[in-house]
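Peer 1: One file is attached below, work.cif, containing mmCIF, C-alpha atoms.
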data_run
#
loop_
_atom_site.label_atom_id
_atom_site.label_comp_id
_atom_site.auth_asym_id
_atom_site.auth_seq_id
_atom_site.Cartn_x
_atom_site.Cartn_y
_atom_site.Cartn_z
CA MET A 1 20.38 20.99 28.09
CA GLY A 2 18.06 18.17 29.03
CA ILE A 3 16.73 15.22 27.14
CA PRO A 4 13.37 14.85 25.40
CA ASN A 5 10.41 13.94 27.59
CA ASP A 6 9.70 10.67 25.75
CA ASP A 7 13.20 9.39 26.51
CA VAL A 8 13.17 10.16 30.24
CA VAL A 9 10.67 7.47 31.26
CA LEU A 10 9.87 4.47 29.08
CA ILE A 11 7.07 2.07 29.98
CA GLN A 12 7.00 -1.33 28.30
CA LEU A 13 3.68 -3.07 28.84
CA PRO A 14 3.79 -6.89 28.73
CA LYS A 15 2.14 -8.96 26.02
CA ASP A 16 1.17 -11.53 28.65
CA PRO A 17 -0.77 -10.07 31.64
CA SER A 18 1.08 -12.47 33.94
CA GLU A 19 4.39 -10.82 33.07
CA PRO A 20 5.69 -7.61 34.75
CA THR A 21 5.63 -4.16 33.23
CA ILE A 22 9.13 -2.71 32.71
CA VAL A 23 9.70 0.96 33.54
CA THR A 24 13.03 2.57 32.59
CA VAL A 25 14.13 5.95 33.96
CA ASN A 26 17.12 7.68 32.37
CA CYS A 27 17.82 11.22 33.56
CA PRO A 28 20.20 13.51 35.48
CA ASP A 29 20.61 12.45 39.10
CA LYS A 30 19.61 14.30 42.24
CA PRO A 31 19.72 13.34 45.94
CA GLY A 32 16.89 11.01 46.90
CA LEU A 33 15.61 10.52 43.34
CA GLY A 34 15.40 6.72 43.63
CA CYS A 35 13.42 7.00 46.87
CA ASP A 36 11.00 9.50 45.33
CA LEU A 37 10.41 7.30 42.28
CA CYS A 38 9.82 4.19 44.40
CA ARG A 39 7.43 6.12 46.60
CA THR A 40 5.36 7.07 43.54
CA LEU A 41 5.31 3.47 42.30
CA LEU A 42 4.05 2.40 45.73
CA GLU A 43 1.45 5.19 45.64
CA PHE A 44 0.11 3.83 42.33
CA GLY A 45 -0.38 0.39 43.90
CA LEU A 46 2.63 -1.27 42.26
CA SER A 47 5.14 -3.75 43.67
CA ILE A 48 8.74 -3.93 42.47
CA THR A 49 9.65 -7.53 41.62
CA ARG A 50 13.15 -6.65 40.41
CA ALA A 51 15.24 -3.50 39.92
CA ASP A 52 18.62 -2.35 38.58
CA PHE A 53 20.04 1.02 39.59
CA SER A 54 23.23 2.87 38.62
CA THR A 55 24.50 6.43 38.88
CA ASP A 56 27.78 8.29 38.60
CA GLY A 57 26.48 11.19 40.70
CA ARG A 58 25.49 13.16 37.63
CA TRP A 59 23.36 10.76 35.62
CA CYS A 60 20.98 8.09 36.83
CA TYR A 61 19.69 4.96 35.10
CA MET A 62 17.03 2.76 36.73
CA VAL A 63 14.97 -0.18 35.52
CA PHE A 64 11.96 -1.47 37.48
CA TRP A 65 9.99 -4.66 36.89
CA LEU A 66 6.49 -3.99 38.25
CA VAL A 67 3.30 -5.90 39.08
CA PRO A 68 0.14 -4.69 40.85
CA SER A 69 0.25 -5.10 44.62
CA VAL A 70 -1.80 -7.93 46.08
CA SER A 71 -4.14 -5.48 47.81
CA ASN A 72 -4.53 -3.16 44.82
CA SER A 73 -7.95 -3.25 43.15
CA CYS A 74 -7.49 -0.06 41.13
CA GLU A 75 -6.66 -0.02 37.44
CA ILE A 76 -3.20 1.42 36.77
CA ASP A 77 -3.20 4.64 34.75
CA TRP A 78 0.17 4.21 33.04
CA GLU A 79 0.07 7.55 31.26
CA SER A 80 -0.49 9.39 34.54
CA LEU A 81 2.26 7.36 36.17
CA LYS A 82 4.67 8.28 33.38
CA ASN A 83 3.86 11.98 33.73
CA ARG A 84 4.34 11.81 37.51
CA LEU A 85 7.72 10.09 37.14
CA VAL A 86 8.88 12.54 34.45
CA SER A 87 7.93 15.48 36.68
CA MET A 88 10.38 14.21 39.34
CA CYS A 89 13.35 14.01 36.99
CA PRO A 90 15.50 17.16 36.94
CA SER A 91 16.84 19.13 33.99
CA CYS A 92 14.71 17.54 31.30
CA LEU A 93 13.36 19.30 28.22
CA VAL A 94 9.76 19.15 29.46
CA PRO A 95 7.24 22.01 29.25
CA PHE A 96 6.49 21.75 32.95
CA PHE A 97 3.65 24.22 32.75
CA SER A 98 1.82 21.80 30.44
CA PHE A 99 1.49 19.19 33.20
CA ASN A 100 -0.71 19.84 36.18
CA TYR A 101 1.34 17.55 38.42
CA GLN A 102 3.52 18.45 41.35
CA GLN A 103 6.47 19.87 39.47
CA GLY A 104 10.15 20.36 40.01
CA ASP A 105 11.90 23.61 39.25
CA GLY A 106 14.62 21.94 37.16
CA ASN A 107 17.02 21.83 40.09
CA GLY A 108 15.37 18.99 41.96
CA SER A 109 13.21 20.99 44.35
CA THR A 110 9.44 20.61 44.33
CA THR A 111 6.53 22.83 45.08
CA HIS A 112 4.00 21.86 47.72
CA SER A 113 0.58 20.68 46.60
CA LEU A 114 -2.47 22.48 47.91
CA ILE A 115 -4.42 20.72 50.66
CA TYR A 116 -8.16 20.26 50.12
CA LEU A 117 -10.85 19.22 52.59
CA LEU A 118 -13.43 16.63 51.59
CA LYS A 119 -16.47 16.66 53.88
CA LEU A 120 -18.52 13.53 53.37
CA CYS A 121 -21.61 12.50 55.31
CA CYS A 122 -22.84 8.92 54.79
CA LEU A 123 -25.04 6.24 56.25
CA ASP A 124 -22.81 3.75 58.03
CA ARG A 125 -22.08 0.22 56.84
CA LYS A 126 -19.22 -2.25 57.09
CA GLY A 127 -16.30 -1.45 54.77
CA LEU A 128 -17.51 2.04 53.92
CA LEU A 129 -14.28 3.78 54.95
CA HIS A 130 -12.19 1.53 52.71
CA ASP A 131 -14.58 2.09 49.79
CA VAL A 132 -14.14 5.86 50.18
CA THR A 133 -10.36 5.39 50.40
CA ARG A 134 -10.34 3.20 47.27
CA ILE A 135 -12.35 5.77 45.30
CA LEU A 136 -9.95 8.56 46.28
CA SER A 137 -7.01 6.37 45.28
CA GLU A 138 -8.56 5.64 41.89
CA LEU A 139 -8.96 9.40 41.36
CA GLN A 140 -5.24 9.88 42.22
CA PHE A 141 -5.81 11.68 45.51
CA THR A 142 -3.47 11.20 48.44
CA ILE A 143 -4.92 11.26 51.96
CA GLN A 144 -2.85 13.52 54.20
CA ARG A 145 -5.05 13.55 57.30
CA VAL A 146 -8.42 12.11 58.16
CA LYS A 147 -10.93 12.25 60.96
CA VAL A 148 -13.90 9.90 60.92
CA MET A 149 -16.76 10.22 63.43
CA THR A 150 -19.85 8.05 63.86
CA THR A 151 -23.03 9.65 65.19
CA PRO A 152 -25.62 7.88 67.39
CA ASP A 153 -28.17 7.94 64.54
CA GLY A 154 -25.99 5.72 62.32
CA ARG A 155 -24.36 8.42 60.20
CA VAL A 156 -20.65 8.84 59.54
CA MET A 157 -18.90 12.17 59.03
CA TYR A 158 -15.63 12.07 57.11
CA LEU A 159 -13.17 14.97 57.20
CA VAL A 160 -10.53 13.92 54.66
CA PHE A 161 -7.60 16.21 53.85
CA ILE A 162 -6.24 15.34 50.42
CA THR A 163 -3.74 16.42 47.79
CA ASP A 164 -4.37 15.91 44.10
CA GLY A 165 -1.78 13.94 42.14
CA MET A 166 -3.09 15.62 38.99
CA GLU A 167 -3.08 19.11 40.60
CA LEU A 168 -6.45 19.95 39.07
CA LEU A 169 -8.68 20.46 42.11
CA HIS A 170 -8.49 24.21 41.63
CA THR A 171 -10.75 23.69 38.60
CA LYS A 172 -14.52 23.45 38.95
CA GLU A 173 -14.62 20.51 36.52
CA ARG A 174 -12.28 18.36 38.65
CA ARG A 175 -14.18 19.18 41.87
CA ASP A 176 -17.54 18.43 40.25
CA ASP A 177 -16.27 15.18 38.73
CA THR A 178 -14.92 14.08 42.12
CA ARG A 179 -18.21 14.74 43.90
CA GLU A 180 -20.23 13.01 41.19
CA HIS A 181 -17.93 9.98 41.19
CA LEU A 182 -18.20 9.58 44.95
CA LYS A 183 -21.99 9.89 44.84
CA SER A 184 -22.33 7.43 41.94
CA VAL A 185 -20.24 4.75 43.69
CA LEU A 186 -21.61 5.23 47.22
CA LYS A 187 -25.18 5.58 45.88
CA ASN A 188 -27.85 5.95 48.57
CA TYR A 189 -25.29 5.77 51.38
CA CYS A 190 -24.00 9.24 50.44
CA ILE A 191 -25.99 12.02 52.14
CA SER A 192 -23.79 15.04 51.34
CA CYS A 193 -20.41 15.74 49.77
CA GLU A 194 -18.44 19.02 49.93
CA LEU A 195 -14.96 19.81 48.62
CA GLN A 196 -12.99 22.97 49.39
CA LEU A 197 -9.55 24.33 50.17
CA ALA A 198 -8.44 23.35 53.66
CA GLY A 199 -8.22 26.01 56.32
CA PRO A 200 -6.63 26.20 59.78
CA GLU A 201 -8.36 22.95 60.79
CA TYR A 202 -5.69 21.01 58.84
CA GLU A 203 -2.92 22.27 61.11
CA ASN A 204 -5.04 21.45 64.16
CA LEU A 205 -5.24 17.79 63.09
CA LYS A 206 -1.49 17.34 62.52
CA ALA A 207 -0.86 16.39 66.14
CA LEU A 208 -2.73 13.42 67.53
CA PRO A 209 -4.09 13.44 71.05
CA SER A 210 -1.14 12.36 73.15
CA LEU A 211 -0.61 8.64 73.46
CA PRO A 212 -0.49 7.22 76.99
CA PRO A 213 3.18 6.60 77.92
CA ALA A 214 2.67 2.84 78.24
CA VAL A 215 1.05 2.66 74.80
CA ALA A 216 3.77 4.82 73.20
CA GLU A 217 6.46 2.60 74.72
CA GLU A 218 4.83 -0.56 73.36
CA LEU A 219 4.23 0.96 69.93
CA PHE A 220 7.66 2.48 69.34
CA THR A 221 10.11 0.37 71.34
CA TYR A 222 8.87 -3.21 71.30
CA GLU A 223 11.14 -5.83 69.72
CA LEU A 224 10.15 -8.65 67.42
CA ALA A 225 10.32 -11.26 70.13
CA GLY A 226 6.81 -12.53 69.64
CA LYS A 227 5.67 -11.10 72.97
CA GLU A 228 2.82 -9.17 71.39
CA ALA A 229 1.35 -12.28 69.81
CA SER A 230 0.34 -15.65 71.06
CA SER A 231 -0.91 -17.32 67.89
CA LYS A 232 1.40 -19.92 66.35
CA GLU A 233 0.87 -18.47 62.89
CA LEU A 234 2.04 -15.00 63.91
CA LYS A 235 5.03 -16.36 65.84
CA SER A 236 6.10 -18.28 62.74
CA ASP A 237 6.08 -15.06 60.73
CA MET A 238 8.08 -13.32 63.44
CA MET A 239 10.76 -16.00 63.29
CA THR A 240 10.93 -15.60 59.51
CA LEU A 241 11.25 -11.82 59.76
CA LYS A 242 14.13 -12.12 62.25
CA LYS A 243 16.35 -13.74 59.61
CA ALA A 244 17.20 -10.44 57.87
CA THR A 245 20.96 -9.90 57.43
CA VAL A 246 23.15 -6.98 56.34
CA THR A 247 26.79 -7.73 55.41
CA VAL A 248 29.41 -5.00 54.85
CA ASP A 249 32.41 -5.42 52.50
CA ASN A 250 34.96 -2.61 52.21
CA LEU A 251 37.58 -4.71 50.39
CA LEU A 252 35.93 -5.69 47.11
CA SER A 253 35.70 -2.18 45.64
CA PRO A 254 38.39 0.52 45.98
CA ALA A 255 35.81 3.32 45.72
CA HIS A 256 32.61 1.95 47.27
CA THR A 257 31.29 0.14 50.32
CA LEU A 258 29.34 -2.98 49.40
CA LEU A 259 26.17 -3.80 51.33
CA GLN A 260 24.73 -7.27 50.82
CA ILE A 261 21.21 -7.57 52.17
CA GLN A 262 18.98 -10.61 52.48
CA CYS A 263 15.52 -10.60 54.02
CA VAL A 264 11.97 -11.84 53.61
CA ASP A 265 10.10 -10.37 50.64
CA GLN A 266 7.56 -7.69 51.52
CA LYS A 267 5.74 -4.83 49.84
CA GLY A 268 7.68 -1.57 49.69
CA LEU A 269 11.02 -3.19 50.61
CA PHE A 270 13.06 -1.35 47.96
CA TYR A 271 11.36 1.92 48.95
CA ASP A 272 12.26 1.36 52.62
CA ILE A 273 15.92 0.77 51.74
CA LEU A 274 16.16 3.79 49.45
CA ARG A 275 14.35 5.89 52.05
CA THR A 276 17.03 4.90 54.55
CA SER A 277 19.76 5.85 52.07
CA LYS A 278 18.09 9.24 51.62
CA ASP A 279 17.76 9.79 55.37
CA PHE A 280 21.40 8.79 55.97
CA ASP A 281 22.59 10.89 52.99
CA PHE A 282 24.59 8.19 51.25
CA GLN A 283 24.66 7.58 47.50
CA ILE A 284 24.00 4.28 45.77
CA ALA A 285 26.37 4.05 42.80
CA TYR A 286 25.01 0.68 41.75
CA GLY A 287 22.24 -1.50 43.08
CA ARG A 288 20.54 -4.74 42.14
CA PHE A 289 17.25 -5.83 43.65
CA SER A 290 16.98 -9.48 42.70
CA SER A 291 13.80 -11.46 42.11
CA SER A 292 12.28 -13.25 45.07
CA VAL A 293 13.59 -16.78 45.71
CA LYS A 294 11.54 -18.85 48.17
CA SER A 295 10.01 -15.61 49.53
CA TYR A 296 13.45 -14.05 50.16
CA ARG A 297 15.09 -11.05 48.55
CA SER A 298 18.78 -10.40 47.94
CA LEU A 299 20.15 -6.91 47.34
CA ASP A 300 23.65 -5.77 46.43
CA LEU A 301 24.31 -2.06 46.96
CA PHE A 302 27.58 -0.28 46.18
CA ILE A 303 27.39 2.90 48.24
CA ARG A 304 29.48 5.93 49.19
CA GLN A 305 29.12 9.05 51.28
CA ALA A 306 27.80 12.30 49.81
CA ASN A 307 31.43 13.50 49.53
CA GLY A 308 32.27 10.52 47.33
CA ASN A 309 34.27 8.56 49.94
CA LYS A 310 33.72 5.02 51.17
CA ILE A 311 31.99 4.53 54.52
CA VAL A 312 34.71 3.30 56.87
CA ASP A 313 33.72 4.79 60.24
CA PRO A 314 32.57 1.77 62.33
CA LYS A 315 30.02 3.86 64.25
CA HIS A 316 28.48 5.16 61.03
CA LEU A 317 28.38 1.66 59.53
CA ASN A 318 26.82 0.17 62.66
CA ALA A 319 24.16 2.88 62.76
CA LEU A 320 23.39 2.34 59.07
CA CYS A 321 23.18 -1.45 59.37
CA SER A 322 21.02 -1.20 62.49
CA ARG A 323 18.59 1.15 60.75
CA LEU A 324 18.40 -1.06 57.66
CA GLN A 325 17.68 -4.11 59.80
CA GLU A 326 15.01 -2.20 61.69
CA GLU A 327 13.34 -1.21 58.42
CA MET A 328 13.34 -4.83 57.25
CA LEU A 329 12.23 -6.29 60.58
CA GLN A 330 9.75 -3.60 61.62
CA PRO A 331 8.54 -1.59 58.62
CA PHE A 332 5.27 -1.15 60.53
CA ARG A 333 4.26 -1.19 64.18
CA VAL A 334 0.86 -2.74 64.80
CA ILE A 335 -0.75 -3.13 68.22
CA VAL A 336 -4.23 -3.39 69.74
CA VAL A 337 -4.91 -1.68 73.07
CA ASN A 338 -7.80 -0.74 75.32
CA ARG A 339 -8.98 2.86 75.10
CA GLY A 340 -11.31 3.15 78.04
CA PRO A 341 -14.09 0.63 77.43
CA ASP A 342 -13.29 0.49 73.70
CA THR A 343 -10.71 -1.29 71.53
CA GLU A 344 -8.16 0.73 69.56
CA LEU A 345 -5.94 -0.40 66.68
CA LEU A 346 -2.73 1.59 66.26
CA VAL A 347 -0.46 1.40 63.21
CA ALA A 348 2.74 3.44 62.91
CA ASN A 349 5.45 3.82 60.28
CA PRO A 350 8.47 6.16 60.02
CA VAL A 351 8.21 9.45 58.15
CA GLU A 352 10.83 10.41 55.56
CA SER A 353 13.29 13.14 56.52
CA SER A 354 11.51 15.25 53.89
CA GLY A 355 8.33 14.96 55.98
CA LYS A 356 6.45 12.62 53.63
CA GLY A 357 4.56 9.65 55.03
CA ARG A 358 4.36 6.19 53.51
CA PRO A 359 1.76 5.77 50.71
CA ARG A 360 -1.33 3.55 50.94
CA VAL A 361 -1.06 2.58 54.61
CA PHE A 362 -4.57 3.85 55.30
CA TYR A 363 -5.79 2.00 52.19
CA ASP A 364 -4.32 -1.33 53.34
CA VAL A 365 -5.43 -1.08 56.97
CA THR A 366 -9.02 -0.21 56.06
CA LEU A 367 -8.99 -3.09 53.55
CA ALA A 368 -7.90 -5.53 56.27
CA LEU A 369 -10.65 -4.28 58.59
CA LYS A 370 -13.23 -4.60 55.81
CA MET A 371 -12.17 -8.20 55.09
CA LEU A 372 -12.54 -9.02 58.79
CA GLY A 373 -15.98 -7.38 58.89
CA ILE A 374 -14.97 -4.90 61.62
CA ARG A 375 -16.73 -1.54 61.79
CA ILE A 376 -14.67 1.60 62.42
CA PHE A 377 -16.20 3.99 64.93
CA LEU A 378 -13.45 6.63 64.84
CA ALA A 379 -10.31 7.04 62.70
CA GLU A 380 -7.46 9.57 62.85
CA ILE A 381 -4.09 10.11 61.19
CA GLY A 382 -1.42 12.24 62.85
CA ARG A 383 2.26 12.55 63.68
CA HIS A 384 4.20 11.51 66.77
CA SER A 385 7.83 12.37 67.51
CA THR A 386 10.24 10.19 69.45
CA CYS A 387 13.79 11.11 70.43
CA ASP A 388 15.26 10.31 67.01
CA ARG A 389 12.39 9.95 64.53
CA GLN A 390 9.00 11.18 63.47
CA TRP A 391 6.19 8.70 62.93
CA GLU A 392 2.88 8.71 61.14
CA VAL A 393 0.31 7.11 63.43
CA TYR A 394 -3.05 5.70 62.39
CA ARG A 395 -5.61 5.27 65.16
CA PHE A 396 -8.82 3.28 64.69
CA LEU A 397 -11.48 2.95 67.37
CA LEU A 398 -13.29 -0.29 66.56
CA ASP A 399 -16.80 -1.59 67.17
CA ASP A 400 -17.07 -4.88 69.01
CA SER A 401 -19.42 -7.56 67.65
CA HIS A 402 -20.53 -11.12 68.28
CA GLU A 403 -18.94 -12.18 64.97
CA PHE A 404 -15.55 -10.70 65.93
CA PRO A 405 -15.34 -10.19 69.72
CA LEU A 406 -12.41 -7.82 70.24
CA THR A 407 -12.25 -8.61 73.94
CA SER A 408 -10.88 -12.02 72.92
CA CYS A 409 -7.09 -12.41 72.78
CA ARG A 410 -7.48 -14.76 69.84
CA ALA A 411 -9.51 -12.20 67.89
CA ARG A 412 -6.98 -9.46 68.66
CA ASN A 413 -4.11 -11.64 67.48
CA GLN A 414 -6.04 -12.41 64.31
CA LEU A 415 -6.61 -8.67 63.77
CA VAL A 416 -2.92 -7.80 64.20
CA ASP A 417 -1.94 -10.66 61.93
CA LYS A 418 -4.38 -9.65 59.17
CA VAL A 419 -3.35 -5.99 59.23
CA ARG A 420 0.35 -6.86 59.17
CA ARG A 421 -0.06 -9.33 56.31
CA THR A 422 -2.03 -6.83 54.26
CA LEU A 423 0.58 -4.11 54.82
CA MET A 424 3.40 -6.53 53.94
CA GLY A 425 1.65 -7.72 50.78
CA TRP A 426 1.54 -11.35 51.95
#
Represent the structure from my file as structure tokens, please.

Peer 2:
Amino acid sequence: MGIPNDDVVLIQLPKDPSEPTIVTVNCPDKPGLGCDLCRTLLEFGLSITRADFSTDGRWCYMVFWLVPSVSNSCEIDWESLKNRLVSMCPSCLVPFFSFNYQQGDGNGSTTHSLIYLLKLCCLDRKGLLHDVTRILSELQFTIQRVKVMTTPDGRVMYLVFITDGMELLHTKERRDDTREHLKSVLKNYCISCELQLAGPEYENLKALPSLPPAVAEELFTYELAGKEASSKELKSDMMTLKKATVTVDNLLSPAHTLLQIQCVDQKGLFYDILRTSKDFDFQIAYGRFSSSVKSYRSLDLFIRQANGNKIVDPKHLNALCSRLQEEMLQPFRVIVVNRGPDTELLVANPVESSGKGRPRVFYDVTLALKMLGIRIFLAEIGRHSTCDRQWEVYRFLLDDSHEFPLTSCRARNQLVDKVRRTLMGW
């Protein structure tokens, strides 16, 4: 037996708009549930200001205090968010066929959403790619892959592979509404708009053109030593980021290992930590994500292995602490390199063990480029594998201009700084 739908997820909207919205989830537990819920909150453009989490391995209770992310300009559809969260909770008395969301089967597994191809031809202008991304986000689409090409006559061709959070793109009404919404917002800049099921071309775009070895080494192995930046402002941020600490206590609790984490506040922090717990297959019996104090976060996590035992193996603990510190210090990799005569921005972030990428990275990067007034000549999203991890890599070939000369070291440092700050929610 499950529990009624209305009791699984409760959303308490604030009376004062300056106060957070409180979302409570109370349902049977399953591996990685907390990570999946946090990922959806991030996808909806929400930041977690505080969270409480407890589970006995069979039942899970979570409370999130939420505010819109700094970069989010989309109105939150709370009803859709509730339905999405409910669909992730196992063994609930929900008529799953009545929701057209990505559904579970009652045992915690999920079906894969269909991939659709949006072909969009537009007249070029600054910020156009972000505007398209924002529209798709408002319509609850998730960008899986993208290829953007600029033609010599000033037109831009977008090949955007998307999944539908509402799972309604198989209907003519949803497809027509999507096309009309894009045309109404883009106005005269939109030349043509087509939407169809993706074919073999989606698989062809999964792998990026190979990165030069020197670029791959810089992107995936550089340390936060400030060597990639020369501006004082960026170095100051690097010094702040390096203060993240993870403390292990195996004496306080007879049944759990206590992790005490302190680091600078940043968007998606709780998601990154729960993603690590999912990848390392350990369970969080109790967790508290405290409110930010002077831009720092404190987390207390009582954890255990999947078999219910404490984590006492020093090698396992060291590997776990190292990965957590890496996620806090380097949630994103951002570099600017030369690609022949052109300038290329590369952004990378780890992929979940389930194969899912991080939400809204493309949204934030294109927003940063729009705010800087930089045109995007070519954009691609793909995957890159290193010896121990898979990464989602975003590649942007940028147009140089007199207003923002990308041949200048100062301008490049400013670009890296702006992209990183936008991704971090600073």

Peer 1: When you count all atoms listed in the file, which of these residues is closest to A:Thr422: A:Lys267, A:Arg275, A:Arg375, A:Arg297?

Peer 2: A:Lys267

Peer 1: I'd like to see the residues matched by the PyMOL selection byres ((chain A and resi 180) around 12) on this file, and ideally I'd get them as a count of residues only.

Peer 2: 21

Peer 1: Between A:Cys321, A:Val336, A:Ala379, A:Leu10, which residue has the minimum interatomic distance to A:Gln414, considering all atoms listed in the file?

Peer 2: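 Closest to A:Gln414 of all the choices is A:Val336.
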
Peer 1: Step by step, work through what the PyMOL selection byres ((chain A and resi 60) around 6) selects in the shown file, and finish by giving those residues as a list in words.

Peer 2: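 Going through the file, the PyMOL selection byres ((chain A and resi 60) around 6) ends up selecting Asn26, Cys27, Pro28, Asp29, Ser54, Thr55, Trp59 and Tyr61 of chain A.
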
Peer 1: Just write the chosen residues, C-alpha atoms, as a CSV table (one decimal), keeping the file's coordinate frame.

Peer 2:
chain,number,residue,atom,x,y,z
A,26,ASN,CA,17.1,7.7,32.4
A,27,CYS,CA,17.8,11.2,33.6
A,28,PRO,CA,20.2,13.5,35.5
A,29,ASP,CA,20.6,12.4,39.1
A,54,SER,CA,23.2,2.9,38.6
A,55,THR,CA,24.5,6.4,38.9
A,59,TRP,CA,23.4,10.8,35.6
A,61,TYR,CA,19.7,5.0,35.1

Peer 1: Report the residues retrieved by the PyMOL selection byres ((chain A and resi 308-312) around 10) from the displayed file, expressed as JSON, numbers by chain.

Peer 2: {"A": [57, 248, 250, 253, 254, 255, 256, 257, 258, 282, 283, 285, 302, 303, 304, 305, 306, 307, 313, 314, 315, 316, 317, 320]}

Peer 1: Measuring between only C-alpha atoms, which one of A:Pro405, A:Gly357, A:Gly165, A:Gly287 shows the shortest distance to A:Leu81?

Peer 2: A:Gly165

Peer 1: For A:Ile191, please output as a list in words all residues within 8 Å (counting all atoms listed in the file; exclusion window: fewer than 6 positions along the same chain).

Peer 2: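 After dropping sequence-adjacent residues, the list is Leu120, Cys121, Cys122 and Leu123 of chain A.
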
Peer 1: Around the point (9.3, -1.4, 28.4) in the file's coordinates, collect all residues with an atom within 8 Å, using only C-alpha atoms, and return them as a PyMOL selection string.

Peer 2: chain A and resi 10-14+21-24

Peer 1: Here is a test: counting all atoms listed in the file, which residue of A:Ala244, A:Leu251, A:Val337, A:Leu398 is nearest to A:Leu324?

Peer 2: A:Ala244
